[in-house]
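K.L.:
Take a look at this one; I'll ask things after.
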Amino acid sequence: MRTFARGAATWDVECPRRPSPVAGVTMAGFRVRDLEALRIVPFPAVTLLLEFGAGSPALDGAAGRRWPGSFVAGPGLGVGGAVRARGQNVECVQVRLSPVIARAILGAPPAELDGAVVPLDDLWGREAARIRERLGGVTSWQDRFALTDTLLARRYQAGPPVDPEVAWAWRRIVDSHGLARVEGLAEEVGWSRKRLWSRFRSQLGLPPKRAGKLVRFDHAAHRLVAGEGAARVAADSGYADQSHLCRDVMAFTGATPTTVADEPFLAVDDMAWPSTRPRKKDWTGRRAGL
């Protein structure tokens with residue numbers, strides 16, 4: 001287990017020694033003594049958080065809303081900078097699910113999770129409590145990852161797949177870092193734009209244009225974290241200019257690019273999900289797990 005430190009943020013991080021047998025699943029283990037108001041930055045994946053320790057993790061949202069314990073959140077959680085993670089003595093496995101496989105694993109329409117948070121107890125009932133008990137009953141992080149993989153593989157095999165055209169369109173959006181145009185995607189799969197929008201939205205949880213904006217933002221935000229200048233990031237990421245990038249970052253996070261570049265939520269990715277991050281100077285390869 002390695003220790004991540006960024007400013008006042010410090011916590012322990014563990015990674016699986018081997019990839020998940022389910023394509024589109026990535027995970028990491030976290031142990032945090034005191035988590036103070038960590039800004040949740042929108043990410044183009046479904047988040048599944050499985051807590052099992054004696055601590056008290058919680059998400060705080062707008063208007064005083066709070067979601068304690070294990071939860072599922074759709075792509076785009078934290079838009080506008082309105083969501084913060086808090087807790088003490090937190091131990092959890094955080095899983096990132098590609099939207100392509102999320103419906104099968106969760107057993108719920110992803111459209112119901114569009115940027116929303118759902119307590120895992122509400123989604124999986126008694127199975128959520130059993131998972132928590134089993135994760136807490138083992139002492140090895142690698143055993144916890146294996147247990148989680150077994151659970152996800154079982155649910156994935158029993159769940160409904162998405163249309164191959166929808167899965168292909170999602171991969172094209174990720175491969176292009178969010179720059180693929182909806183009209184072009186529809187033409188390539190032989191569907192109308194309306195049909196692609198409808199199927200994509202119902203099966204992945206967000207419409208293709210918004211998916212593209214989220215993937216583009218995520219790509220740009222991690223380049224900012226890597227230390228690249230905003231002007232270069234804007235030019236290379238398909239923004240009209242630096243002001244356009246600033247507006248997009250502010251809309252997604254409620255913060256400036258300079259502030260986002262120092263966010264622990266993003267900076268920890270190189271440690272927690274090293275196999276899914278491109279090298280700092282290689283931003284053209286496909287990101288696995290999305």
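Numbering starts fresh at 1 for the residues of each chain in the structure tokens, the chains themselves are lettered A, B, ... in the order given, and ligands are numbered from 1 as they appear.
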Applying 10 Å and only C-alpha atoms, which residues near Arg33 (chain A) remain after dropping the ones on its own chain fewer than 4 positions away? List them as JSON, numbers by chain.

P.N.:
{"A": [10, 11, 12, 55, 87, 88, 89, 90, 91]}

K.L.:
I need the chosen residues saved as an mmCIF file, in the first residue's frame, with C-alpha atoms.

P.N.:
```
data_model
loop_
_atom_site.group_PDB
_atom_site.id
_atom_site.type_symbol
_atom_site.label_atom_id
_atom_site.label_comp_id
_atom_site.auth_asym_id
_atom_site.auth_seq_id
_atom_site.Cartn_x
_atom_site.Cartn_y
_atom_site.Cartn_z
ATOM 1 C CA THR A 10 -3.023 12.244 2.645
ATOM 2 C CA TRP A 11 -4.319 8.693 2.348
ATOM 3 C CA ASP A 12 -3.201 5.144 1.613
ATOM 4 C CA GLY A 55 -15.433 4.686 9.540
ATOM 5 C CA GLY A 87 -15.330 10.922 6.513
ATOM 6 C CA GLN A 88 -13.018 9.563 9.174
ATOM 7 C CA ASN A 89 -11.248 6.197 9.298
ATOM 8 C CA VAL A 90 -12.632 5.341 5.875
ATOM 9 C CA GLU A 91 -11.817 2.018 4.207
#
```

K.L.:
Check the DSSP output for the backbone and give back, as a VMD selection string, the residues of region 74-203 of chain A in strand (DSSP E).

P.N.:
chain A and resid 84 to 97 117 to 119

K.L.:
Report as an mmCIF file with N, CA and C atoms, in the first residue's frame all protein, DNA and RNA residues lying within 10 Å of Ala108 (chain A), evaluated on only C-alpha atoms, omitting residues in the same chain fewer than 4 positions from it.

P.N.:
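around.cif written:
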```
data_model
loop_
_atom_site.group_PDB
_atom_site.id
_atom_site.type_symbol
_atom_site.label_atom_id
_atom_site.label_comp_id
_atom_site.auth_asym_id
_atom_site.auth_seq_id
_atom_site.Cartn_x
_atom_site.Cartn_y
_atom_site.Cartn_z
ATOM 1 N N ALA A 102 -22.208 -0.947 -17.201
ATOM 2 C CA ALA A 102 -22.833 -0.555 -15.930
ATOM 3 C C ALA A 102 -24.254 -1.079 -15.785
ATOM 4 N N ARG A 103 -25.040 -1.050 -16.858
ATOM 5 C CA ARG A 103 -26.426 -1.497 -16.760
ATOM 6 C C ARG A 103 -26.502 -2.954 -16.342
ATOM 7 N N ALA A 104 -25.645 -3.794 -16.930
ATOM 8 C CA ALA A 104 -25.668 -5.218 -16.607
ATOM 9 C C ALA A 104 -25.279 -5.460 -15.154
ATOM 10 N N GLU A 112 -31.287 6.471 -14.860
ATOM 11 C CA GLU A 112 -31.706 6.876 -13.532
ATOM 12 C C GLU A 112 -30.541 7.367 -12.679
ATOM 13 N N LEU A 113 -29.312 7.195 -13.191
ATOM 14 C CA LEU A 113 -28.120 7.574 -12.430
ATOM 15 C C LEU A 113 -27.393 8.759 -13.045
ATOM 16 N N LEU A 123 -30.322 0.124 -4.000
ATOM 17 C CA LEU A 123 -30.203 -0.501 -5.316
ATOM 18 C C LEU A 123 -30.136 -2.025 -5.222
ATOM 19 N N TRP A 124 -29.352 -2.544 -4.262
ATOM 20 C CA TRP A 124 -29.120 -3.981 -4.175
ATOM 21 C C TRP A 124 -29.727 -4.630 -2.939
ATOM 22 N N GLY A 159 -26.620 -9.922 -16.567
ATOM 23 C CA GLY A 159 -27.307 -8.700 -16.969
ATOM 24 C C GLY A 159 -27.420 -8.535 -18.470
ATOM 25 N N GLN A 203 -29.352 3.456 -22.631
ATOM 26 C CA GLN A 203 -28.494 2.334 -22.266
ATOM 27 C C GLN A 203 -27.230 2.745 -21.504
#
```

K.L.:
Could you write out, as number ranges by chain, all the residues of region 101-236 of chain A that DSSP marks as helix (DSSP H, G or I)?

P.N.:
A: 101-106, 110-113, 120-124, 126-136, 141-158, 164-175, 182-189, 193-204, 208-225, 230-236

K.L.:
Give me, as JSON lines, each residue of region 11-112 of chain A that comes within 8 Å of region 135-151 of chain A, together with its shortest interatomic pair and the distance in Å at one decimal, counting only C-alpha atoms, with rows ordered by chain and rising residue number.

P.N.:
```
{"residue": "A:Glu14", "atom": "CA", "partner": "A:Trp141", "partner_atom": "CA", "distance": 7.1}
{"residue": "A:Pro16", "atom": "CA", "partner": "A:Gln142", "partner_atom": "CA", "distance": 6.1}
{"residue": "A:Arg17", "atom": "CA", "partner": "A:Gln142", "partner_atom": "CA", "distance": 7.4}
{"residue": "A:Ser20", "atom": "CA", "partner": "A:Asp149", "partner_atom": "CA", "distance": 6.3}
{"residue": "A:Pro21", "atom": "CA", "partner": "A:Asp149", "partner_atom": "CA", "distance": 7.2}
{"residue": "A:Val22", "atom": "CA", "partner": "A:Asp149", "partner_atom": "CA", "distance": 7.6}
{"residue": "A:Met27", "atom": "CA", "partner": "A:Phe145", "partner_atom": "CA", "distance": 7.7}
{"residue": "A:Gly29", "atom": "CA", "partner": "A:Trp141", "partner_atom": "CA", "distance": 7.1}
{"residue": "A:Phe52", "atom": "CA", "partner": "A:Gly136", "partner_atom": "CA", "distance": 5.2}
{"residue": "A:Gly53", "atom": "CA", "partner": "A:Gly136", "partner_atom": "CA", "distance": 6.3}
{"residue": "A:Val93", "atom": "CA", "partner": "A:Phe145", "partner_atom": "CA", "distance": 7.7}
```

K.L.:
Identify which of the residues A:Leu185, A:Ala23, A:Val95, A:Leu179 lies closest to Leu50 (chain A), counting only C-alpha atoms when measuring atom-to-atom distances.

P.N.:
A:Val95

K.L.:
Between CA of Pro99 (chain A) and CA of Arg155 (chain A), measure the distance and give it in Å to one decimal.

P.N.:
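Taking CA of Pro99 (chain A) as the start and CA of Arg155 (chain A) as the end point, the length is 14.7 Å.
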
K.L.:
Can you tell me, as a PyMOL selection string, what residues are no more than 6 Å from region 69-79 of chain A when counting only C-alpha atoms, ignoring any on the same chain fewer than 2 positions away?

P.N.:
chain A and resi 40-51+57-58+81-83+113-120+252-253

K.L.:
Please produce a file of the residues just selected, as a short mmCIF file (atom, residue, chain, number, x, y, z; two decimals), in the first residue's frame, where the atoms kept are N, CA, C and O atoms.

P.N.:
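After the write, again-v3.cif holds the following:
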```cif
data_model
loop_
_atom_site.label_atom_id
_atom_site.label_comp_id
_atom_site.auth_asym_id
_atom_site.auth_seq_id
_atom_site.Cartn_x
_atom_site.Cartn_y
_atom_site.Cartn_z
N ILE A 40 -15.46 16.43 -5.45
CA ILE A 40 -15.66 15.37 -6.44
C ILE A 40 -15.68 16.00 -7.82
O ILE A 40 -16.50 16.86 -8.11
N VAL A 41 -14.76 15.57 -8.66
CA VAL A 41 -14.64 16.10 -10.02
C VAL A 41 -15.33 15.13 -10.98
O VAL A 41 -15.07 13.92 -10.93
N PRO A 42 -16.21 15.60 -11.85
CA PRO A 42 -16.92 14.71 -12.77
C PRO A 42 -15.97 13.83 -13.57
O PRO A 42 -14.92 14.27 -14.03
N PHE A 43 -16.39 12.57 -13.75
CA PHE A 43 -15.57 11.58 -14.44
C PHE A 43 -16.47 10.76 -15.37
O PHE A 43 -17.61 10.45 -15.01
N PRO A 44 -16.00 10.37 -16.55
CA PRO A 44 -16.84 9.65 -17.51
C PRO A 44 -16.96 8.16 -17.24
O PRO A 44 -16.62 7.32 -18.07
N ALA A 45 -17.41 7.82 -16.06
CA ALA A 45 -17.65 6.42 -15.69
C ALA A 45 -18.66 6.40 -14.57
O ALA A 45 -18.91 7.42 -13.91
N VAL A 46 -19.25 5.24 -14.35
CA VAL A 46 -20.13 5.05 -13.19
C VAL A 46 -19.25 4.68 -12.00
O VAL A 46 -18.36 3.83 -12.11
N THR A 47 -19.48 5.31 -10.87
CA THR A 47 -18.70 5.05 -9.66
C THR A 47 -19.48 4.16 -8.72
O THR A 47 -20.64 4.45 -8.39
N LEU A 48 -18.84 3.08 -8.29
CA LEU A 48 -19.40 2.17 -7.30
C LEU A 48 -18.46 2.18 -6.10
O LEU A 48 -17.31 1.76 -6.22
N LEU A 49 -18.91 2.69 -4.98
CA LEU A 49 -18.07 2.74 -3.78
C LEU A 49 -18.58 1.72 -2.77
O LEU A 49 -19.75 1.74 -2.39
N LEU A 50 -17.67 0.83 -2.36
CA LEU A 50 -17.99 -0.23 -1.42
C LEU A 50 -17.19 0.01 -0.14
O LEU A 50 -15.99 -0.22 -0.10
N GLU A 51 -17.84 0.51 0.90
CA GLU A 51 -17.14 0.77 2.16
C GLU A 51 -17.38 -0.41 3.10
O GLU A 51 -18.42 -1.08 3.04
N PRO A 57 -17.78 7.20 5.84
CA PRO A 57 -17.71 7.99 4.61
C PRO A 57 -19.08 8.53 4.23
O PRO A 57 -20.11 7.91 4.48
N ALA A 58 -19.07 9.71 3.61
CA ALA A 58 -20.34 10.31 3.18
C ALA A 58 -20.08 11.30 2.06
O ALA A 58 -18.99 11.89 1.97
N GLY A 81 -19.19 21.45 -9.03
CA GLY A 81 -18.45 21.49 -7.79
C GLY A 81 -19.31 21.39 -6.55
O GLY A 81 -18.89 21.79 -5.46
N ALA A 82 -20.53 20.83 -6.69
CA ALA A 82 -21.49 20.84 -5.59
C ALA A 82 -21.37 19.65 -4.65
O ALA A 82 -22.05 19.61 -3.63
N VAL A 83 -20.52 18.67 -4.97
CA VAL A 83 -20.45 17.45 -4.15
C VAL A 83 -19.07 17.34 -3.50
O VAL A 83 -18.04 17.51 -4.16
N LEU A 113 -29.31 7.20 -13.19
CA LEU A 113 -28.12 7.57 -12.43
C LEU A 113 -27.39 8.76 -13.04
O LEU A 113 -26.24 9.02 -12.71
N ASP A 114 -28.02 9.48 -13.93
CA ASP A 114 -27.37 10.57 -14.65
C ASP A 114 -26.91 11.64 -13.67
O ASP A 114 -27.66 12.54 -13.29
N GLY A 115 -25.65 11.56 -13.25
CA GLY A 115 -25.11 12.54 -12.32
C GLY A 115 -25.67 12.45 -10.92
O GLY A 115 -25.42 13.31 -10.08
N ALA A 116 -26.44 11.39 -10.64
CA ALA A 116 -27.11 11.26 -9.34
C ALA A 116 -26.38 10.25 -8.46
O ALA A 116 -25.53 9.49 -8.92
N VAL A 117 -26.74 10.25 -7.17
CA VAL A 117 -26.18 9.31 -6.21
C VAL A 117 -27.31 8.43 -5.68
O VAL A 117 -28.37 8.93 -5.31
N VAL A 118 -27.08 7.11 -5.66
CA VAL A 118 -28.06 6.17 -5.14
C VAL A 118 -27.38 5.31 -4.08
O VAL A 118 -26.37 4.67 -4.37
N PRO A 119 -27.88 5.30 -2.83
CA PRO A 119 -27.31 4.40 -1.83
C PRO A 119 -27.36 2.96 -2.31
O PRO A 119 -28.36 2.52 -2.88
N LEU A 120 -26.28 2.21 -2.07
CA LEU A 120 -26.23 0.84 -2.56
C LEU A 120 -27.32 -0.02 -1.92
O LEU A 120 -27.83 -0.95 -2.54
N PHE A 252 -18.02 22.40 -15.09
CA PHE A 252 -17.94 21.04 -14.56
C PHE A 252 -17.55 21.00 -13.09
O PHE A 252 -17.98 20.11 -12.35
N THR A 253 -16.72 21.93 -12.65
CA THR A 253 -16.14 21.82 -11.31
C THR A 253 -16.45 22.99 -10.38
O THR A 253 -16.23 22.87 -9.17
#
```

K.L.:
Do you have the CA of Lys209 (chain A)-CA of Leu152 (chain A) distance handy?

P.N.:
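Result for CA of Lys209 (chain A) versus CA of Leu152 (chain A): 28.4 Å, one decimal.
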
K.L.:
What is the CA of Val215 (chain A)-CA of Gly80 (chain A) distance in Å, reported with one decimal?

P.N.:
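Between CA of Val215 (chain A) and CA of Gly80 (chain A) the gap is 15.9 Å.
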
K.L.:
Given only C-alpha atoms as the basis, pick out the residue of A:Asp218, A:Asp248, A:Glu188, A:Asp163 nearest to Ser202 (chain A).

P.N.:
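Result for the nearest residue to Ser202 (chain A): A:Asp163.
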